[in-house]
$ cat start20.csv   # CSV, C-alpha atoms and all ligand atoms
chain,number,residue,atom,x,y,z
A,16,MET,CA,-10.4,12.6,8.0
A,17,GLU,CA,-13.5,14.3,6.7
A,18,THR,CA,-13.5,15.0,2.9
A,19,LYS,CA,-15.0,18.4,2.1
A,20,VAL,CA,-16.8,18.6,-1.2
A,21,GLU,CA,-17.0,22.1,-2.7
A,22,ARG,CA,-19.1,22.7,-5.8
A,23,ILE,CA,-17.3,25.2,-8.1
A,24,ASN,CA,-18.9,27.2,-10.9
A,25,ARG,CA,-16.5,27.7,-13.8
A,26,GLU,CA,-18.1,30.9,-15.0
A,27,GLN,CA,-18.1,32.5,-11.5
A,28,MET,CA,-15.3,30.8,-9.6
A,29,ASN,CA,-15.4,31.3,-5.9
A,30,MET,CA,-11.8,32.3,-5.2
A,31,GLU,CA,-12.2,31.9,-1.5
A,32,ILE,CA,-12.6,28.1,-2.0
A,33,ILE,CA,-9.8,28.1,-4.5
A,34,ARG,CA,-7.5,29.8,-2.0
A,35,GLU,CA,-8.5,27.4,0.7
A,36,ALA,CA,-7.8,24.4,-1.6
A,37,GLY,CA,-4.5,26.0,-2.5
A,38,SER,CA,-3.5,26.3,1.1
A,39,ILE,CA,-4.3,22.7,1.7
A,40,LEU,CA,-1.9,21.8,-1.1
A,41,LYS,CA,0.8,24.1,0.3
A,42,LYS,CA,0.5,22.4,3.7
A,43,GLY,CA,1.1,19.0,2.0
A,44,GLY,CA,-2.5,17.9,1.8
A,45,LEU,CA,-4.6,16.4,-1.0
A,46,VAL,CA,-7.3,18.1,-3.1
A,47,ALA,CA,-9.1,16.3,-6.0
A,48,PHE,CA,-9.9,18.6,-8.9
A,49,PRO,CA,-11.5,18.5,-12.4
A,50,THR,CA,-9.6,18.6,-15.6
A,51,GLU,CA,-10.8,18.3,-19.2
A,52,THR,CA,-9.7,14.6,-19.2
A,53,VAL,CA,-10.5,13.0,-15.9
A,54,TYR,CA,-10.5,14.2,-12.2
A,55,GLY,CA,-7.0,14.5,-10.8
A,56,LEU,CA,-5.7,13.9,-7.2
A,57,GLY,CA,-3.7,17.1,-6.5
A,58,ALA,CA,-0.7,17.4,-4.2
A,59,ASN,CA,2.3,19.7,-4.2
A,60,ALA,CA,4.6,18.1,-6.8
A,61,LEU,CA,7.7,19.5,-5.2
A,62,ASP,CA,7.0,17.9,-1.8
A,63,GLU,CA,8.2,14.3,-1.4
A,64,LYS,CA,5.9,13.7,1.6
A,65,ALA,CA,2.8,14.9,-0.3
A,66,ALA,CA,3.7,12.4,-3.1
A,67,ALA,CA,3.9,9.6,-0.5
A,68,LYS,CA,0.4,10.6,0.8
A,69,THR,CA,-0.9,10.5,-2.8
A,70,TYR,CA,0.3,6.9,-3.3
A,71,ALA,CA,-1.2,5.9,0.0
A,72,ALA,CA,-4.6,7.4,-0.7
A,73,LYS,CA,-4.8,5.7,-4.2
A,74,GLY,CA,-3.2,2.4,-3.0
A,75,ARG,CA,-0.8,3.0,-6.0
A,76,PRO,CA,2.6,1.3,-6.4
A,77,SER,CA,5.2,4.0,-5.7
A,78,ASP,CA,7.3,3.2,-8.8
A,79,ASN,CA,4.5,4.6,-10.9
A,80,PRO,CA,5.3,8.3,-11.6
A,81,LEU,CA,3.0,11.2,-11.2
A,82,ILE,CA,2.3,13.9,-13.8
A,83,VAL,CA,3.3,17.5,-12.8
A,84,HIS,CA,0.5,19.9,-13.7
A,85,ILE,CA,1.5,23.5,-14.4
A,86,ALA,CA,-0.6,26.6,-15.3
A,87,ARG,CA,2.1,28.9,-16.9
A,88,LEU,CA,4.4,27.9,-19.8
A,89,GLU,CA,7.5,29.5,-18.1
A,90,ASP,CA,7.1,27.0,-15.2
A,91,LEU,CA,7.9,24.2,-17.6
A,92,TYR,CA,11.6,25.3,-17.6
A,93,GLU,CA,11.7,25.0,-13.8
A,94,VAL,CA,10.9,21.3,-13.8
A,95,ALA,CA,12.3,20.2,-17.2
A,96,GLU,CA,16.1,20.2,-17.7
A,97,HIS,CA,16.1,20.4,-21.5
A,98,VAL,CA,13.1,21.4,-23.5
A,99,PRO,CA,13.5,20.4,-27.2
A,100,GLU,CA,12.2,22.7,-29.9
A,101,LYS,CA,9.6,20.2,-30.9
A,102,ALA,CA,8.2,20.2,-27.4
A,103,GLU,CA,7.9,24.0,-27.5
A,104,THR,CA,6.0,23.6,-30.8
A,105,LEU,CA,3.6,21.1,-29.2
A,106,ALA,CA,3.2,23.2,-26.1
A,107,ARG,CA,2.3,26.3,-28.2
A,108,LYS,CA,-0.3,24.2,-30.2
A,109,PHE,CA,-1.8,21.9,-27.6
A,110,TRP,CA,-1.4,23.6,-24.2
A,111,PRO,CA,-3.5,24.1,-22.2
A,112,GLY,CA,-4.9,20.7,-23.2
A,113,PRO,CA,-4.9,17.0,-23.0
A,114,LEU,CA,-1.2,16.5,-23.8
A,115,THR,CA,1.5,15.3,-21.3
A,116,MET,CA,5.2,15.5,-22.3
A,117,ILE,CA,8.1,13.8,-20.7
A,118,PHE,CA,11.4,15.5,-20.1
A,119,GLU,CA,14.6,15.1,-18.1
A,120,LYS,CA,13.8,16.4,-14.7
A,121,THR,CA,15.5,19.3,-12.8
A,122,SER,CA,16.7,18.8,-9.2
A,123,ILE,CA,13.7,20.6,-7.7
A,124,VAL,CA,11.4,17.7,-8.7
A,125,PRO,CA,11.8,15.0,-6.0
A,126,TYR,CA,12.2,11.3,-6.9
A,127,GLY,CA,9.0,10.7,-4.8
A,128,THR,CA,7.1,12.4,-7.6
A,129,THR,CA,8.8,10.7,-10.5
A,130,GLY,CA,8.7,7.2,-9.1
A,131,GLY,CA,12.5,7.3,-8.9
A,132,LEU,CA,13.0,8.2,-12.6
A,133,GLU,CA,15.3,10.9,-14.0
A,134,THR,CA,12.4,12.1,-16.2
A,135,VAL,CA,9.3,14.1,-15.4
A,136,ALA,CA,5.9,14.2,-17.0
A,137,VAL,CA,4.4,17.7,-17.4
A,138,ARG,CA,1.0,18.8,-18.5
A,139,MET,CA,-0.9,22.1,-18.6
A,140,PRO,CA,-4.6,21.2,-18.2
A,141,ASP,CA,-7.4,23.1,-20.1
A,142,ASP,CA,-9.8,23.6,-17.2
A,143,GLU,CA,-10.1,27.0,-15.4
A,144,ILE,CA,-10.7,25.3,-12.1
A,145,ALA,CA,-7.6,23.2,-12.4
A,146,ARG,CA,-5.4,26.1,-13.5
A,147,ALA,CA,-6.7,28.3,-10.7
A,148,LEU,CA,-5.9,25.6,-8.2
A,149,ILE,CA,-2.4,25.0,-9.5
A,150,LEU,CA,-1.6,28.7,-9.2
A,151,ALA,CA,-3.1,28.8,-5.7
A,152,GLY,CA,-1.2,25.7,-4.7
A,153,GLY,CA,2.2,27.1,-5.7
A,154,GLY,CA,2.4,26.3,-9.4
A,155,TYR,CA,3.3,22.6,-9.5
A,156,VAL,CA,0.6,20.1,-8.7
A,157,SER,CA,1.0,16.4,-9.2
A,158,GLY,CA,-2.1,14.9,-10.5
A,159,PRO,CA,-2.7,11.2,-11.0
A,160,SER,CA,-6.2,10.2,-11.8
A,161,ALA,CA,-8.3,10.5,-8.6
A,162,ASN,CA,-9.4,6.9,-8.4
A,163,THR,CA,-8.3,4.0,-6.3
A,164,SER,CA,-5.5,2.3,-8.2
A,165,GLY,CA,-7.0,-0.3,-10.5
A,166,ARG,CA,-10.5,1.2,-10.8
A,167,PRO,CA,-11.7,3.1,-13.8
A,168,SER,CA,-10.6,6.8,-13.7
A,169,PRO,CA,-13.2,9.2,-12.3
A,170,THR,CA,-15.1,11.5,-14.6
A,171,THR,CA,-17.3,13.0,-12.0
A,172,ALA,CA,-16.8,14.2,-8.4
A,173,GLY,CA,-19.1,11.4,-7.3
A,174,HIS,CA,-16.7,8.9,-8.7
A,175,VAL,CA,-13.9,10.5,-6.7
A,176,MET,CA,-16.1,10.4,-3.5
A,177,ASP,CA,-16.8,6.7,-4.1
A,178,ASP,CA,-13.0,5.9,-4.1
A,179,LEU,CA,-11.4,8.5,-1.9
A,180,ASN,CA,-14.0,9.7,0.7
A,181,GLY,CA,-12.2,10.0,4.1
A,182,LYS,CA,-8.7,9.7,2.5
A,183,ILE,CA,-8.3,13.3,1.2
A,184,GLU,CA,-8.9,16.8,2.5
A,185,MET,CA,-11.1,18.2,-0.3
A,186,ILE,CA,-12.8,17.6,-3.7
A,187,LEU,CA,-13.5,20.5,-6.0
A,188,ASP,CA,-16.7,19.5,-7.9
A,189,GLY,CA,-16.7,21.1,-11.3
A,190,GLY,CA,-19.3,18.6,-12.8
A,191,ALA,CA,-18.7,16.0,-15.4
A,192,VAL,CA,-15.4,16.2,-17.4
A,193,HIS,CA,-15.5,16.8,-21.2
A,194,ILE,CA,-13.1,14.2,-22.7
A,195,GLY,CA,-13.3,11.3,-20.3
A,196,VAL,CA,-10.0,9.5,-21.1
A,197,GLU,CA,-6.6,10.5,-19.8
A,198,SER,CA,-4.2,12.8,-21.7
A,199,THR,CA,-1.9,11.7,-24.5
A,200,ILE,CA,1.6,11.0,-23.1
A,201,VAL,CA,4.5,11.8,-25.4
A,202,ASP,CA,8.1,11.0,-24.5
A,203,MET,CA,10.1,14.0,-25.7
A,204,THR,CA,13.4,12.6,-24.5
A,205,SER,CA,13.6,10.2,-27.4
A,206,GLU,CA,14.0,11.2,-31.1
A,207,PRO,CA,11.6,10.8,-32.8
A,208,PRO,CA,9.3,11.4,-29.9
A,209,MET,CA,7.1,8.5,-28.8
A,210,ILE,CA,3.5,8.2,-27.7
A,211,LEU,CA,3.3,6.1,-24.5
A,212,ARG,CA,-0.4,6.5,-24.0
A,213,PRO,CA,-3.0,7.6,-26.6
A,214,GLY,CA,-5.5,10.3,-25.8
A,215,ALA,CA,-7.5,13.1,-27.4
A,216,VAL,CA,-4.4,14.6,-29.0
A,217,THR,CA,-3.8,12.0,-31.7
A,218,LYS,CA,-0.7,10.8,-33.5
A,219,GLU,CA,-2.0,12.5,-36.7
A,220,MET,CA,-2.4,15.8,-34.8
A,221,LEU,CA,1.1,15.6,-33.3
A,222,GLU,CA,2.7,14.6,-36.7
A,223,LYS,CA,1.1,17.6,-38.4
A,224,GLU,CA,3.1,19.8,-36.0
A,225,ILE,CA,6.5,18.0,-35.6
A,226,GLY,CA,6.7,15.3,-38.2
A,227,GLN,CA,7.3,11.6,-37.4
A,228,VAL,CA,6.1,10.3,-34.0
A,229,LEU,CA,6.4,6.7,-32.9
A,230,VAL,CA,3.9,4.7,-30.8
A,231,ASP,CA,5.1,2.5,-27.9
A,232,HIS,CA,4.4,-1.1,-29.0
A,233,ALA,CA,2.5,-1.8,-25.8
A,234,VAL,CA,-0.2,0.7,-26.6
A,235,LEU,CA,-2.4,-1.5,-28.8
A,236,ASP,CA,-0.5,-4.8,-28.9
A,237,ALA,CA,-2.2,-7.2,-26.6
A,238,ASP,CA,0.5,-9.9,-26.7
A,239,SER,CA,3.6,-7.7,-26.3
A,240,LYS,CA,6.2,-9.2,-24.0
A,241,THR,CA,8.3,-6.1,-23.5
A,242,PRO,CA,7.0,-3.8,-20.7
A,243,PRO,CA,5.5,-0.4,-21.7
A,244,LYS,CA,7.6,2.7,-21.3
A,245,ALA,CA,5.0,4.5,-19.1
A,246,PRO,CA,5.3,2.5,-15.9
A,247,GLY,CA,1.6,3.0,-15.2
A,248,MET,CA,0.5,1.3,-18.4
A,249,LYS,CA,1.7,-2.1,-17.1
A,250,TYR,CA,-0.7,-2.3,-14.3
A,251,ARG,CA,-4.1,-3.9,-14.6
A,252,HIS,CA,-5.7,-0.6,-15.0
A,253,TYR,CA,-9.1,0.8,-15.8
A,254,ALA,CA,-10.6,-2.4,-14.7
A,255,PRO,CA,-14.2,-3.1,-13.7
A,256,LYS,CA,-15.0,-5.9,-11.2
A,257,ALA,CA,-16.8,-7.9,-13.9
A,258,GLU,CA,-15.1,-10.0,-16.5
A,259,LEU,CA,-15.2,-7.8,-19.7
A,260,THR,CA,-14.9,-9.3,-23.2
A,261,VAL,CA,-14.6,-7.2,-26.3
A,262,ILE,CA,-16.0,-8.6,-29.5
A,263,GLU,CA,-14.5,-7.4,-32.8
A,264,GLY,CA,-15.6,-7.9,-36.3
A,265,GLU,CA,-18.3,-6.9,-38.7
A,266,LEU,CA,-21.1,-5.1,-36.8
A,267,GLU,CA,-24.0,-7.5,-37.6
A,268,SER,CA,-22.0,-10.6,-36.4
A,269,VAL,CA,-20.7,-8.7,-33.3
A,270,VAL,CA,-24.3,-7.9,-32.3
A,271,SER,CA,-25.5,-11.5,-32.7
A,272,THR,CA,-22.4,-12.9,-30.9
A,273,ILE,CA,-22.8,-10.6,-28.0
A,274,GLN,CA,-26.5,-11.4,-27.7
A,275,LYS,CA,-25.7,-15.1,-27.7
A,276,MET,CA,-22.9,-15.0,-25.2
A,277,ALA,CA,-24.8,-12.8,-22.8
A,278,GLY,CA,-27.9,-15.0,-23.2
A,279,GLU,CA,-25.9,-18.1,-22.3
A,280,LYS,CA,-24.5,-16.5,-19.1
A,281,GLU,CA,-27.9,-15.2,-18.1
A,282,GLU,CA,-29.3,-18.7,-18.4
A,283,GLN,CA,-26.5,-19.9,-16.0
A,284,GLY,CA,-27.8,-17.4,-13.5
A,285,TYR,CA,-25.1,-14.7,-14.0
A,286,ARG,CA,-25.7,-10.9,-14.2
A,287,THR,CA,-24.6,-9.8,-17.6
A,288,GLY,CA,-24.1,-6.4,-19.1
A,289,ILE,CA,-23.8,-5.2,-22.7
A,290,ILE,CA,-22.0,-2.1,-24.0
A,291,ALA,CA,-24.0,-1.0,-27.0
A,292,THR,CA,-24.1,2.0,-29.2
A,293,GLU,CA,-27.0,4.2,-30.4
A,294,GLU,CA,-26.8,2.3,-33.7
A,295,THR,CA,-27.3,-1.1,-32.1
A,296,VAL,CA,-28.9,-0.6,-28.7
A,297,ASN,CA,-32.4,-1.6,-29.8
A,298,ARG,CA,-31.2,-4.9,-31.1
A,299,TYR,CA,-30.3,-6.4,-27.7
A,300,SER,CA,-32.5,-7.8,-25.1
A,301,GLY,CA,-32.5,-9.7,-21.8
A,302,SER,CA,-29.3,-8.2,-20.3
A,303,ASN,CA,-28.4,-5.0,-18.6
A,304,ILE,CA,-27.8,-2.9,-21.8
A,305,LYS,CA,-26.0,0.4,-21.7
A,306,CYS,CA,-25.6,2.8,-24.6
A,307,ILE,CA,-22.1,4.2,-24.6
A,308,GLY,CA,-22.6,6.8,-27.4
A,309,THR,CA,-22.7,7.0,-31.1
A,310,ARG,CA,-20.3,5.5,-33.7
A,311,GLU,CA,-20.8,8.7,-35.6
A,312,ASP,CA,-18.8,10.5,-33.0
A,313,GLU,CA,-16.4,8.4,-30.9
A,314,SER,CA,-15.7,11.3,-28.5
A,315,THR,CA,-19.2,10.4,-27.0
A,316,VAL,CA,-17.9,6.9,-26.4
A,317,ALA,CA,-14.8,8.3,-24.7
A,318,ALA,CA,-16.9,10.5,-22.5
A,319,ASN,CA,-19.1,7.7,-21.2
A,320,LEU,CA,-16.6,4.8,-21.0
A,321,TYR,CA,-15.4,5.0,-17.4
A,322,GLY,CA,-18.8,6.0,-16.0
A,323,ILE,CA,-20.4,3.0,-17.6
A,324,LEU,CA,-17.8,0.6,-16.3
A,325,ARG,CA,-18.4,2.0,-12.8
A,326,GLU,CA,-22.2,1.6,-13.2
A,327,PHE,CA,-21.7,-2.1,-14.1
A,328,ASP,CA,-19.7,-2.5,-10.9
A,329,ALA,CA,-22.5,-0.8,-8.9
A,330,ASP,CA,-25.1,-3.1,-10.6
A,331,GLY,CA,-23.1,-6.2,-9.4
A,332,THR,CA,-22.4,-7.3,-13.0
A,333,ASP,CA,-20.5,-10.6,-13.5
A,334,TYR,CA,-19.9,-10.5,-17.2
A,335,ILE,CA,-19.7,-7.5,-19.6
A,336,TYR,CA,-19.7,-7.8,-23.4
A,337,SER,CA,-18.7,-4.8,-25.4
A,338,GLU,CA,-18.7,-3.9,-29.1
A,339,SER,CA,-15.4,-2.6,-30.3
A,340,PHE,CA,-14.6,0.7,-32.0
A,341,ASP,CA,-12.6,2.2,-34.8
A,342,ALA,CA,-9.1,2.9,-33.5
A,343,GLU,CA,-9.0,6.2,-35.4
A,344,GLY,CA,-8.7,9.6,-33.8
A,345,ILE,CA,-9.9,9.4,-30.2
A,346,GLY,CA,-11.0,5.8,-30.9
A,347,SER,CA,-7.4,4.8,-30.4
A,348,ALA,CA,-7.5,6.0,-26.8
A,349,VAL,CA,-10.9,4.3,-26.4
A,350,MET,CA,-9.7,1.0,-27.7
A,351,ASN,CA,-6.5,1.2,-25.6
A,352,ARG,CA,-8.5,1.6,-22.4
A,353,LEU,CA,-11.2,-0.9,-23.3
A,354,LEU,CA,-8.7,-3.6,-24.1
A,355,LYS,CA,-6.9,-2.9,-20.8
A,356,ALA,CA,-10.1,-3.1,-18.9
A,357,ALA,CA,-10.8,-6.4,-20.7
A,358,GLY,CA,-7.4,-7.7,-19.7
A,359,HIS,CA,-7.1,-8.2,-23.5
A,360,ARG,CA,-9.9,-10.7,-23.6
A,361,VAL,CA,-10.9,-10.1,-27.2
A,362,ILE,CA,-13.0,-12.3,-29.5
A,363,LYS,CA,-12.4,-11.7,-33.2
A,364,ILE,CA,-15.2,-12.9,-35.5
B,401,LIG,O1,-5.3,13.2,-18.2
B,401,LIG,C1,-4.4,12.9,-17.4
B,401,LIG,O2,-3.2,12.8,-17.7
B,401,LIG,C2,-4.8,12.8,-15.9
B,401,LIG,C3,-5.3,14.1,-15.4
B,401,LIG,C4,-5.7,14.1,-13.9
B,401,LIG,O3,-4.4,15.1,-15.7
B,401,LIG,N1,-3.8,12.2,-15.1
B,401,LIG,C5,-3.4,10.9,-15.2
B,401,LIG,O4,-2.4,10.5,-14.3
B,401,LIG,O5,-3.9,10.1,-16.0
B,401,LIG,P1,-2.0,9.0,-14.0
B,401,LIG,O6,-1.1,9.1,-12.8
B,401,LIG,O7,-3.3,8.3,-13.7
B,401,LIG,O8,-1.3,8.5,-15.2
B,401,LIG,C6,0.0,9.0,-15.4
B,401,LIG,C7,0.7,8.1,-16.4
B,401,LIG,C8,1.1,6.7,-15.8
B,401,LIG,O9,0.9,5.7,-16.7
B,401,LIG,C9,2.6,6.9,-15.5
B,401,LIG,O10,3.3,5.7,-15.5
B,401,LIG,C10,3.0,7.8,-16.7
B,401,LIG,O11,1.9,8.7,-16.8
B,401,LIG,N2,4.2,8.6,-16.4
B,401,LIG,C11,4.3,9.6,-15.5
B,401,LIG,N3,5.6,10.1,-15.5
B,401,LIG,C12,6.3,9.4,-16.4
B,401,LIG,C13,7.7,9.4,-16.8
B,401,LIG,N4,8.5,10.2,-16.3
B,401,LIG,N5,8.0,8.5,-17.7
B,401,LIG,C14,7.1,7.6,-18.3
B,401,LIG,N6,5.8,7.6,-17.9
B,401,LIG,C15,5.4,8.4,-17.0
B,402,MG,MG,-4.6,6.7,-13.6
$ encode --input "start20.csv" --output "C-alpha cells" --more "lines below"
Ligand code: TXA
Ligand code: MG
Amino acid sequence: METKVERINREQMNMEIIREAGSILKKGGLVAFPTETVYGLGANALDEKAAAKTYAAKGRPSDNPLIVHIARLEDLYEVAEHVPEKAETLARKFWPGPLTMIFEKTSIVPYGTTGGLETVAVRMPDDEIARALILAGGGYVSGPSANTSGRPSPTTAGHVMDDLNGKIEMILDGGAVHIGVESTIVDMTSEPPMILRPGAVTKEMLEKEIGQVLVDHAVLDADSKTPPKAPGMKYRHYAPKAELTVIEGELESVVSTIQKMAGEKEEQGYRTGIIATEETVNRYSGSNIKCIGTREDESTVAANLYGILREFDADGTDYIYSESFDAEGIGSAVMNRLLKAAGHRVIKI
C-alpha cells in the first residue's frame, strides 16, 4: 500500500484533506495524525476489524488496549458506562488536553479496541487537526502512538514514515508535536483514582481538582514484581536499539562518570552517545553528544526525548549514557520514559 502524506496547516486547515482522511477511517482504514503529545495511529474505534489492522501495522500485542479519542464531551457518555463526578471535574479542567481517563465501557466499544477489557480509555486531544479528523471519522478514533511497537513514540510525521510507511493509508503532517511524551492516564474506576502513566497533567494538578490521587507502583519503581495496571506499561517500550544507561546523582559526579564510561567504550571501538543538557553540554568530549534541553525547563527535555533516541538509532549508536532529571512536574513523565528506555539500567552515584 502507498502511504499518502498530507501536510496540514493548523491556521488554515484544508478541509478537503480532512474529509478524505475521515472517509478512510469510516471505511476501516488507518490514518496517522498529530496530537499535542505524540502522533497517533487513527482508526475507527467502534470497528473491531480496524482495531485488528492497527495491531498488525504496529506489530503490537493485541492484549494491549487502545485509547479512544473523542472531540465532543457528550460523546464520552456513549463509550463510558458510568462517569464519576470527579471525572467530569477533570474533563472540564483538562480536556481538550493530555489526559486520558479509564471508565467501564459501554457495549458499543468492541473488545478488539479494549484488548478484551471491560474498561475503556478515553481522551480528548488538544490539537485542531486531531479533533477535525475525529469528527470527520465518525467521532470515535482509536489512537495508539503511531510507532512500531517497542520503538520510541513519534513526535514528527517523519518518525511515523520511518516506522509505518507502506502499512497505513495516510499521514496528516502537522509538524512537530508540543509536549513530546504521551498523555497522563488516570484510572477513574478505582477510588481514589490512580495514575497509571505520568504525563504533562501531573499528580499535583489532578489533586488540586479532585483531592487524593494514587500512583501505580510500577510507574517509577524499577524493581516492582507486580505487573502495572496499564497493560502497555509492561512492554519493553520507548526503547532505542542502543543500550541506554541513566546516571543519577550530584550533577558534577554524573558528568564525570558519564565522560569516563563513554570514553572507555569508545576506546573499545564502540559508538557511544551522551544525553546532555544546556547546562552540561560543553563539558563532554569524544562521543556523539546531544543536548536534550535545559534543566531550567524540563518541558524542553520532554519535547526532545524521543527524537533524540531515534537519532541515536539512526547514528548506529551502541551505548548511550544519559543524565537524569528531577521527577517533579513533567519530569516525572520524562524519568518514567527514560528509565523504561534504559530497561531500568540506572547507576546511582
Ligand atoms: O498521548 C497519548 O495518549 C497518545 C496519543 C496518540 O493520544 N496515545 C498513546 O497510546 O500513547 P498508546 O496506545 O501508545 O498507549 C496507551 C496506553 C497503553 O499503555 C495501554 O495499556 C493503556 O494506555 N490503556 C489503554 N486502555 C486501557 C485500559 N482500559 N485500562 C488500562 N490501561 C489502558
Ligand atoms: Mg505507545
$ residues_around --input "start20.csv" --residues "segment 86-97 of chain A" --least-positions-apart "6" --cutoff "9 Å" --atoms "only C-alpha atoms" --output "PyMOL selection string"
chain A and resi 106-107+110-111+117-124+134-140+145-150+154-155+204
$ residues_around --input "start20.csv" --residues "Asp231 of chain A" --least-positions-apart "3" --cutoff "8 Å" --atoms "only C-alpha atoms" --output "ChimeraX atom specification"
/A:209-212,234,243-244
$ atom_distance --input "start20.csv" --atom1 "atom CA of Thr260 of chain A" --atom2 "atom CA of Ala357 of chain A"
5.6 Å
$ closest_atom_pairs --input "start20.csv" --of "chain A" --to "ligand LIG 401 (chain B)" --cutoff "8 Å" --atoms "all atoms listed in the file" --output "CSV"
residue,atom,partner,partner_atom,distance
A:Phe48,CA,B:LIG401,C4,7.9
A:Pro49,CA,B:LIG401,C4,7.4
A:Thr50,CA,B:LIG401,C4,6.2
A:Glu51,CA,B:LIG401,O1,7.6
A:Thr52,CA,B:LIG401,O1,4.7
A:Val53,CA,B:LIG401,C4,5.3
A:Tyr54,CA,B:LIG401,C4,5.1
A:Gly55,CA,B:LIG401,C4,3.4
A:Leu56,CA,B:LIG401,C4,6.7
A:Asn79,CA,B:LIG401,O10,4.9
A:Pro80,CA,B:LIG401,C11,4.2
A:Leu81,CA,B:LIG401,C11,4.8
A:Ile82,CA,B:LIG401,C11,5.0
A:His84,CA,B:LIG401,O3,7.1
A:Pro113,CA,B:LIG401,O1,6.1
A:Leu114,CA,B:LIG401,O2,7.4
A:Thr115,CA,B:LIG401,O2,6.4
A:Ile117,CA,B:LIG401,N4,5.7
A:Phe118,CA,B:LIG401,N4,7.1
A:Thr129,CA,B:LIG401,N4,5.8
A:Gly130,CA,B:LIG401,N3,7.7
A:Leu132,CA,B:LIG401,N4,6.2
A:Glu133,CA,B:LIG401,N4,7.2
A:Thr134,CA,B:LIG401,N4,4.3
A:Val135,CA,B:LIG401,N4,4.1
A:Ala136,CA,B:LIG401,N3,4.4
A:Val137,CA,B:LIG401,N3,7.9
A:Arg138,CA,B:LIG401,O3,7.1
A:Pro140,CA,B:LIG401,O3,6.6
A:Gly158,CA,B:LIG401,C4,5.0
A:Pro159,CA,B:LIG401,O6,3.2
A:Ser160,CA,B:LIG401,O7,4.0
A:Ala161,CA,B:LIG401,C4,6.9
A:Ser168,CA,B:LIG401,O7,7.5
A:Val196,CA,B:LIG401,O1,6.6
A:Glu197,CA,B:LIG401,O1,3.4
A:Ser198,CA,B:LIG401,O1,3.7
A:Thr199,CA,B:LIG401,O2,7.0
A:Ile200,CA,B:LIG401,O11,6.7
A:Asp202,CA,B:LIG401,C14,7.1
A:Leu211,CA,B:LIG401,N6,7.2
A:Arg212,CA,B:LIG401,O9,7.5
A:Lys244,CA,B:LIG401,C14,5.8
A:Ala245,CA,B:LIG401,N6,3.4
A:Pro246,CA,B:LIG401,O10,3.8
A:Gly247,CA,B:LIG401,O9,3.2
A:Met248,CA,B:LIG401,O9,4.7
A:Lys249,CA,B:LIG401,O9,7.9
$ write_last_selection --input "start20.csv" --atoms "C-alpha atoms" --output "short mmCIF file (atom, residue, chain, number, x, y, z; two decimals), keeping the file's coordinate frame"
data_model
loop_
_atom_site.label_atom_id
_atom_site.label_comp_id
_atom_site.auth_asym_id
_atom_site.auth_seq_id
_atom_site.Cartn_x
_atom_site.Cartn_y
_atom_site.Cartn_z
CA PHE A 48 -9.90 18.60 -8.90
CA PRO A 49 -11.50 18.50 -12.40
CA THR A 50 -9.60 18.60 -15.60
CA GLU A 51 -10.80 18.30 -19.20
CA THR A 52 -9.70 14.60 -19.20
CA VAL A 53 -10.50 13.00 -15.90
CA TYR A 54 -10.50 14.20 -12.20
CA GLY A 55 -7.00 14.50 -10.80
CA LEU A 56 -5.70 13.90 -7.20
CA ASN A 79 4.50 4.60 -10.90
CA PRO A 80 5.30 8.30 -11.60
CA LEU A 81 3.00 11.20 -11.20
CA ILE A 82 2.30 13.90 -13.80
CA HIS A 84 0.50 19.90 -13.70
CA PRO A 113 -4.90 17.00 -23.00
CA LEU A 114 -1.20 16.50 -23.80
CA THR A 115 1.50 15.30 -21.30
CA ILE A 117 8.10 13.80 -20.70
CA PHE A 118 11.40 15.50 -20.10
CA THR A 129 8.80 10.70 -10.50
CA GLY A 130 8.70 7.20 -9.10
CA LEU A 132 13.00 8.20 -12.60
CA GLU A 133 15.30 10.90 -14.00
CA THR A 134 12.40 12.10 -16.20
CA VAL A 135 9.30 14.10 -15.40
CA ALA A 136 5.90 14.20 -17.00
CA VAL A 137 4.40 17.70 -17.40
CA ARG A 138 1.00 18.80 -18.50
CA PRO A 140 -4.60 21.20 -18.20
CA GLY A 158 -2.10 14.90 -10.50
CA PRO A 159 -2.70 11.20 -11.00
CA SER A 160 -6.20 10.20 -11.80
CA ALA A 161 -8.30 10.50 -8.60
CA SER A 168 -10.60 6.80 -13.70
CA VAL A 196 -10.00 9.50 -21.10
CA GLU A 197 -6.60 10.50 -19.80
CA SER A 198 -4.20 12.80 -21.70
CA THR A 199 -1.90 11.70 -24.50
CA ILE A 200 1.60 11.00 -23.10
CA ASP A 202 8.10 11.00 -24.50
CA LEU A 211 3.30 6.10 -24.50
CA ARG A 212 -0.40 6.50 -24.00
CA LYS A 244 7.60 2.70 -21.30
CA ALA A 245 5.00 4.50 -19.10
CA PRO A 246 5.30 2.50 -15.90
CA GLY A 247 1.60 3.00 -15.20
CA MET A 248 0.50 1.30 -18.40
CA LYS A 249 1.70 -2.10 -17.10
#
$ closest_residue --input "start20.csv" --among "A:Asp141, A:Glu313, A:Glu184, A:Glu326" --to "Gly344 of chain A" --atoms "only C-alpha atoms"
A:Glu313
$ closest_residue --input "start20.csv" --among "A:Lys182, A:Arg286, A:Asp341, A:Ser157" --to "Leu266 of chain A" --atoms "only C-alpha atoms"
A:Asp341
$ residues_near_point --input "start20.csv" --point "(-25.7, 0.5, -26.3)" --cutoff "10 Å" --atoms "only C-alpha atoms" --output "list in words"
Ile289, Ile290, Ala291, Thr292, Glu293, Glu294, Thr295, Val296, Asn297, Arg298, Tyr299, Asn303, Ile304, Lys305, Cys306, Ile307, Gly308, Thr309, Ser337 and Glu338 of chain A
$ write_last_selection --input "start20.csv" --atoms "C-alpha atoms" --output "tab-separated table (two decimals), in the coordinates of the input"
chain	number	residue	atom	x	y	z
A	289	ILE	CA	-23.80	-5.20	-22.70
A	290	ILE	CA	-22.00	-2.10	-24.00
A	291	ALA	CA	-24.00	-1.00	-27.00
A	292	THR	CA	-24.10	2.00	-29.20
A	293	GLU	CA	-27.00	4.20	-30.40
A	294	GLU	CA	-26.80	2.30	-33.70
A	295	THR	CA	-27.30	-1.10	-32.10
A	296	VAL	CA	-28.90	-0.60	-28.70
A	297	ASN	CA	-32.40	-1.60	-29.80
A	298	ARG	CA	-31.20	-4.90	-31.10
A	299	TYR	CA	-30.30	-6.40	-27.70
A	303	ASN	CA	-28.40	-5.00	-18.60
A	304	ILE	CA	-27.80	-2.90	-21.80
A	305	LYS	CA	-26.00	0.40	-21.70
A	306	CYS	CA	-25.60	2.80	-24.60
A	307	ILE	CA	-22.10	4.20	-24.60
A	308	GLY	CA	-22.60	6.80	-27.40
A	309	THR	CA	-22.70	7.00	-31.10
A	337	SER	CA	-18.70	-4.80	-25.40
A	338	GLU	CA	-18.70	-3.90	-29.10
